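Everything on this sheet refers to the single structure shown next.
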Amino acid sequence: MMDNKIGLIGCGAMGSALAKGMVKKVGVDPSLVHIYDINRERLDDLASELGVIKANDPEDLILKCRNIFIAVKPQDIESLLYSIKDFVQEGQIYASIAAGITINFIESCLPPDSKVIRLMPNTPCLLGEGTIAISTGENVTAEERDEIIDLLKSMGLTIRIPEYLMDAATGLSGTGPAYVFLFIETMIDAGVAVGFRRDVASQMVIQNIIGSARMLQDNKQHPAELRNSVTSPAGTTTAAMHVLEESGFRSCLLKSVIAATKQAEKLRRG
Ligand SMILES: NC(=O)c1ccc[n+]([C@@H]2O[C@H](COP(=O)([O-])OP(=O)(O)OC[C@H]3O[C@@H](n4cnc5c(N)ncnc54)[C@H](OP(=O)(O)O)[C@@H]3O)[C@@H](O)[C@H]2O)c1
């Protein structure tokens, strides 16, 4: 009955990105994907866009699927898990993307020996350019983990980490896009300050970020090497770097990531 069917509970921003990636990019047969959301409209929209199967309720989905992704908000997960507990079947894998909800917590809500995977995605996953940190519970085999990783590849880069680093993954990567957005916003303001129209400054800054990231990805060089290569003696870059160092740019970024990680630790459940 369960075979290789995939279930998704929660069809919001992240859940729908996950389903779209699996069907449109990984090429999973839509008739093998069962979805459920308490929001009927969201459920109908995603089902008609992808041609996947709508479940009537979580139990209906649990009884049919083997790999089950849970993409509800952290505050909704406990009641959801209790509502499905009695329907859990041997061999099923439960992969949760809920921030701060530990494997231990999920296992404690499900029957003994349940197979649980925890994921931390970030918003660029919506475009297939995200980063997904992945940790597995002790009942999950390497093959089962790799099966889940294959389904996630369409959302971006998957990185296996031990679970104790999940809060750090939240601080560095889950929160990551916000650091970049703030940097871009400030650079655009700077472009306007030195005389560009905002739309022109915006184009230049965004392309600069994409190009610089591509250089790092392609050249496999350390960022400092690439930075040094554009820093000429008594030139413009060295003047800019001097101001950034004097203003504590690095220290500020380091402290921000550490603060986000500590906040994730405070919000952790389980
Ligand atoms: N967005 C991010 O950047 C990000 C990054 C990392 C991790 N995450 C994690 O991803 C998860 C989903 O986030 P999101 O931004 O996609 O949230 P979202 O857009 O609010 O989607 C959650 C969906 O689940 C539905 N839902 C709530 N309780 C349910 C239940 N018992 N059964 C079925 N569906 C239920 C919600 O319906 P209602 O709206 O009617 O409640 C909503 O449609 C969260 O746990 C979050 O921590 C998100």
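Labels for the structure tokens follow display order: chains A, B, ..., residues from 1 in each chain, ligands from 1.
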Item to complete: Give the residue list for ligand 1 at 7 Å, counting only C-alpha atoms and all ligand atoms, as a ChimeraX atom specification, sorted by chain and then by residue number.
Response: /A:9-15,36-39,42,58,71-74,76-77,79-80,97-99,120-123,174
Practice prompt. Would you kindly return, as number ranges by chain, each protein, DNA or RNA residue with an atom no farther than 12 Å from any atom of region 245-255 of chain A, considering only C-alpha atoms and excluding same-chain residues fewer than 5 positions away?
Written response: A: 171-172, 176, 178-180, 182-183, 238-240, 260-262
Keeping C-alpha atoms, export the residues of the selection given above as a compact mmCIF listing (two decimals), in the first residue's frame.
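Writing done, so here's out.txt:
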# COMPACT_ATOMS: atom_id res chain seq x y z
CA GLY A 171 21.86 31.09 12.43
CA LEU A 172 24.14 30.82 9.40
CA GLY A 176 21.48 33.67 5.84
CA ALA A 178 18.52 38.16 5.51
CA TYR A 179 22.21 39.12 5.95
CA VAL A 180 22.63 39.16 2.20
CA LEU A 182 20.53 43.77 4.18
CA PHE A 183 23.96 43.99 2.55
CA THR A 238 42.26 49.30 -0.04
CA ALA A 239 40.66 52.61 0.99
CA ALA A 240 37.25 50.89 1.24
CA ALA A 260 20.94 34.19 15.59
CA THR A 261 22.35 30.80 16.65
CA LYS A 262 21.76 31.61 20.34
Practice prompt. Would you please extract all helix (DSSP H, G or I) residues from region 114-161 of chain A, as assigned by DSSP on the backbone, and give them as a ChimeraX atom specification?
Written response: /A:123-127,142-155
Discussion item. I'd like to know which residues of region 3-241 of chain A are strand (DSSP E) (by DSSP, run on the backbone); could you write them as a PyMOL selection string?
Written reply: chain A and resi 6-9+33-36+53-54+67-70+93-96+115-120+130-136+156-160
Please write the residues from the selection above to a file, keeping N, CA and C atoms, as an mmCIF file, in the first residue's frame.
data_model
loop_
_atom_site.group_PDB
_atom_site.id
_atom_site.type_symbol
_atom_site.label_atom_id
_atom_site.label_comp_id
_atom_site.auth_asym_id
_atom_site.auth_seq_id
_atom_site.Cartn_x
_atom_site.Cartn_y
_atom_site.Cartn_z
ATOM 1 N N ILE A 6 5.005 9.347 -1.734
ATOM 2 C CA ILE A 6 5.547 10.448 -0.936
ATOM 3 C C ILE A 6 4.392 11.284 -0.402
ATOM 4 N N GLY A 7 4.439 11.611 0.882
ATOM 5 C CA GLY A 7 3.396 12.442 1.479
ATOM 6 C C GLY A 7 3.955 13.798 1.870
ATOM 7 N N LEU A 8 3.112 14.816 1.808
ATOM 8 C CA LEU A 8 3.523 16.153 2.260
ATOM 9 C C LEU A 8 2.383 16.737 3.083
ATOM 10 N N ILE A 9 2.692 17.060 4.332
ATOM 11 C CA ILE A 9 1.670 17.695 5.179
ATOM 12 C C ILE A 9 2.092 19.145 5.399
ATOM 13 N N VAL A 33 2.516 11.299 -5.367
ATOM 14 C CA VAL A 33 2.652 12.330 -4.327
ATOM 15 C C VAL A 33 1.276 12.662 -3.740
ATOM 16 N N HIS A 34 1.161 12.484 -2.432
ATOM 17 C CA HIS A 34 -0.089 12.790 -1.742
ATOM 18 C C HIS A 34 0.142 14.001 -0.835
ATOM 19 N N ILE A 35 -0.766 14.968 -0.901
ATOM 20 C CA ILE A 35 -0.554 16.178 -0.100
ATOM 21 C C ILE A 35 -1.768 16.461 0.779
ATOM 22 N N TYR A 36 -1.490 17.180 1.891
ATOM 23 C CA TYR A 36 -2.593 17.590 2.766
ATOM 24 C C TYR A 36 -2.260 18.925 3.413
ATOM 25 N N ILE A 53 -2.031 14.021 -5.686
ATOM 26 C CA ILE A 53 -3.261 13.524 -5.061
ATOM 27 C C ILE A 53 -3.550 14.276 -3.755
ATOM 28 N N LYS A 54 -4.802 14.692 -3.589
ATOM 29 C CA LYS A 54 -5.198 15.368 -2.346
ATOM 30 C C LYS A 54 -5.635 14.320 -1.327
ATOM 31 N N ASN A 67 7.476 7.896 2.510
ATOM 32 C CA ASN A 67 8.293 9.039 2.931
ATOM 33 C C ASN A 67 7.375 10.233 3.155
ATOM 34 N N ILE A 68 7.341 10.719 4.375
ATOM 35 C CA ILE A 68 6.380 11.792 4.690
ATOM 36 C C ILE A 68 7.111 13.061 5.124
ATOM 37 N N PHE A 69 6.900 14.134 4.371
ATOM 38 C CA PHE A 69 7.501 15.421 4.705
ATOM 39 C C PHE A 69 6.501 16.235 5.523
ATOM 40 N N ILE A 70 7.000 16.815 6.596
ATOM 41 C CA ILE A 70 6.125 17.639 7.440
ATOM 42 C C ILE A 70 6.588 19.081 7.336
ATOM 43 N N ILE A 93 9.246 7.015 6.899
ATOM 44 C CA ILE A 93 10.241 8.016 7.304
ATOM 45 C C ILE A 93 9.538 9.355 7.427
ATOM 46 N N TYR A 94 9.760 10.010 8.548
ATOM 47 C CA TYR A 94 9.147 11.320 8.790
ATOM 48 C C TYR A 94 10.240 12.382 8.716
ATOM 49 N N ALA A 95 10.150 13.265 7.698
ATOM 50 C CA ALA A 95 11.169 14.306 7.506
ATOM 51 C C ALA A 95 10.527 15.660 7.799
ATOM 52 N N SER A 96 11.010 16.311 8.866
ATOM 53 C CA SER A 96 10.398 17.583 9.272
ATOM 54 C C SER A 96 11.302 18.762 8.939
ATOM 55 N N LYS A 115 11.278 6.421 12.424
ATOM 56 C CA LYS A 115 12.407 6.944 11.648
ATOM 57 C C LYS A 115 12.164 8.434 11.383
ATOM 58 N N VAL A 116 13.091 9.268 11.896
ATOM 59 C CA VAL A 116 12.877 10.718 11.810
ATOM 60 C C VAL A 116 14.098 11.410 11.207
ATOM 61 N N ILE A 117 13.823 12.348 10.312
ATOM 62 C CA ILE A 117 14.871 13.167 9.707
ATOM 63 C C ILE A 117 14.508 14.625 9.953
ATOM 64 N N ARG A 118 15.526 15.429 10.261
ATOM 65 C CA ARG A 118 15.275 16.862 10.476
ATOM 66 C C ARG A 118 16.015 17.667 9.415
ATOM 67 N N LEU A 119 15.307 18.645 8.867
ATOM 68 C CA LEU A 119 15.883 19.459 7.789
ATOM 69 C C LEU A 119 15.816 20.932 8.137
ATOM 70 N N MET A 120 16.803 21.705 7.719
ATOM 71 C CA MET A 120 16.745 23.161 7.852
ATOM 72 C C MET A 120 16.980 23.782 6.482
ATOM 73 N N GLY A 130 18.580 26.891 -2.835
ATOM 74 C CA GLY A 130 18.703 26.978 -1.384
ATOM 75 C C GLY A 130 19.806 26.103 -0.824
ATOM 76 N N THR A 131 19.880 26.110 0.499
ATOM 77 C CA THR A 131 20.777 25.220 1.226
ATOM 78 C C THR A 131 19.907 24.475 2.230
ATOM 79 N N ILE A 132 20.065 23.172 2.286
ATOM 80 C CA ILE A 132 19.270 22.378 3.225
ATOM 81 C C ILE A 132 20.215 21.558 4.094
ATOM 82 N N ALA A 133 20.208 21.862 5.399
ATOM 83 C CA ALA A 133 20.989 21.059 6.330
ATOM 84 C C ALA A 133 20.130 19.861 6.724
ATOM 85 N N ILE A 134 20.771 18.700 6.858
ATOM 86 C CA ILE A 134 20.006 17.473 7.133
ATOM 87 C C ILE A 134 20.669 16.653 8.243
ATOM 88 N N SER A 135 19.845 16.250 9.218
ATOM 89 C CA SER A 135 20.317 15.370 10.297
ATOM 90 C C SER A 135 19.357 14.196 10.403
ATOM 91 N N THR A 136 19.894 13.032 10.736
ATOM 92 C CA THR A 136 19.012 11.859 10.782
ATOM 93 C C THR A 136 18.944 11.271 12.188
ATOM 94 N N GLY A 156 18.130 22.692 -3.947
ATOM 95 C CA GLY A 156 19.441 23.324 -3.773
ATOM 96 C C GLY A 156 20.453 22.343 -3.228
ATOM 97 N N LEU A 157 21.378 22.891 -2.458
ATOM 98 C CA LEU A 157 22.480 22.096 -1.925
ATOM 99 C C LEU A 157 22.056 21.420 -0.619
ATOM 100 N N THR A 158 22.271 20.108 -0.513
ATOM 101 C CA THR A 158 21.984 19.452 0.768
ATOM 102 C C THR A 158 23.303 19.184 1.487
ATOM 103 N N ILE A 159 23.319 19.487 2.782
ATOM 104 C CA ILE A 159 24.540 19.291 3.565
ATOM 105 C C ILE A 159 24.199 18.500 4.825
ATOM 106 N N ARG A 160 24.879 17.353 4.995
ATOM 107 C CA ARG A 160 24.614 16.535 6.189
ATOM 108 C C ARG A 160 25.370 17.111 7.377
#
Item to complete: Quote the spacing between CA of Gly270 (chain A) and CA of Phe105 (chain A) in Å to one decimal place.
Response: 4.5 Å
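In terms of minimum interatomic distance to Gly27 (chain A), A:Leu152 ranks closest within A:Ile161, A:Leu226, A:Met204, A:Leu152, counting only C-alpha atoms.
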Would you write out, as CSV, a table of all residues in region 35-66 of chain A that have an atom no more than 9 Å from an atom of region 28-31 of chain A, listing for each the closest atom pair and the distance in Å to one decimal, considering only C-alpha atoms and ordering rows by chain and rising residue number?
residue,atom,partner,partner_atom,distance
A:Leu50,CA,A:Pro30,CA,6.7
A:Gly51,CA,A:Pro30,CA,5.8
A:Val52,CA,A:Pro30,CA,4.6
A:Ile53,CA,A:Ser31,CA,6.2
Quick one: write out the picked residues with N, CA and C atoms as a tab-separated table (two decimals), in the first residue's frame?
chain	number	residue	atom	x	y	z
A	50	LEU	N	-0.03	20.77	-9.78
A	50	LEU	CA	0.94	19.68	-10.00
A	50	LEU	C	0.31	18.36	-10.44
A	51	GLY	N	-1.01	18.26	-10.28
A	51	GLY	CA	-1.66	16.98	-10.61
A	51	GLY	C	-1.37	15.91	-9.57
A	52	VAL	N	-1.02	16.34	-8.34
A	52	VAL	CA	-0.77	15.36	-7.28
A	52	VAL	C	-2.09	15.01	-6.60
A	53	ILE	N	-2.03	14.02	-5.69
A	53	ILE	CA	-3.26	13.52	-5.06
A	53	ILE	C	-3.55	14.28	-3.75
Using only C-alpha atoms, find each residue in region 133-218 of chain A having at least one atom no more than 12 Å away from region 21-26 of chain A; report its shortest atom-to-atom pair and that distance in Å (one decimal), rows by chain then rising number, as a tab-separated table.
residue	atom	partner	partner_atom	distance
A:Ile148	CA	A:Met22	CA	10.7
A:Ile149	CA	A:Met22	CA	11.1
A:Asp150	CA	A:Val26	CA	8.1
A:Leu151	CA	A:Met22	CA	5.9
A:Leu152	CA	A:Met22	CA	7.2
A:Lys153	CA	A:Val26	CA	7.6
A:Ser154	CA	A:Gly21	CA	5.1
A:Met155	CA	A:Gly21	CA	6.2
A:Gly156	CA	A:Gly21	CA	9.6
Requested write-out: N, CA and C atoms of the selected residues, as a PDB file, in the first residue's frame:
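This is the output file out.pdb:
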ATOM      1  N   ILE A 148      15.867  10.350   0.761  1.00  0.00           N
ATOM      2  CA  ILE A 148      15.286  11.673   1.079  1.00  0.00           C
ATOM      3  C   ILE A 148      16.145  12.764   0.433  1.00  0.00           C
ATOM      4  N   ILE A 149      17.471  12.623   0.515  1.00  0.00           N
ATOM      5  CA  ILE A 149      18.373  13.637  -0.078  1.00  0.00           C
ATOM      6  C   ILE A 149      18.109  13.754  -1.580  1.00  0.00           C
ATOM      7  N   ASP A 150      17.888  12.630  -2.244  1.00  0.00           N
ATOM      8  CA  ASP A 150      17.613  12.664  -3.693  1.00  0.00           C
ATOM      9  C   ASP A 150      16.356  13.475  -4.000  1.00  0.00           C
ATOM     10  N   LEU A 151      15.360  13.349  -3.129  1.00  0.00           N
ATOM     11  CA  LEU A 151      14.109  14.082  -3.357  1.00  0.00           C
ATOM     12  C   LEU A 151      14.276  15.580  -3.107  1.00  0.00           C
ATOM     13  N   LEU A 152      15.306  15.939  -2.318  1.00  0.00           N
ATOM     14  CA  LEU A 152      15.493  17.342  -1.949  1.00  0.00           C
ATOM     15  C   LEU A 152      16.429  18.096  -2.887  1.00  0.00           C
ATOM     16  N   LYS A 153      17.119  17.345  -3.739  1.00  0.00           N
ATOM     17  CA  LYS A 153      18.166  17.955  -4.568  1.00  0.00           C
ATOM     18  C   LYS A 153      17.655  19.117  -5.415  1.00  0.00           C
ATOM     19  N   SER A 154      16.368  19.038  -5.791  1.00  0.00           N
ATOM     20  CA  SER A 154      15.796  20.093  -6.644  1.00  0.00           C
ATOM     21  C   SER A 154      15.720  21.429  -5.921  1.00  0.00           C
ATOM     22  N   MET A 155      15.845  21.419  -4.596  1.00  0.00           N
ATOM     23  CA  MET A 155      15.702  22.677  -3.848  1.00  0.00           C
ATOM     24  C   MET A 155      17.037  23.374  -3.636  1.00  0.00           C
ATOM     25  N   GLY A 156      18.130  22.692  -3.947  1.00  0.00           N
ATOM     26  CA  GLY A 156      19.441  23.324  -3.773  1.00  0.00           C
ATOM     27  C   GLY A 156      20.453  22.343  -3.228  1.00  0.00           C
TER      28      GLY A 156
END
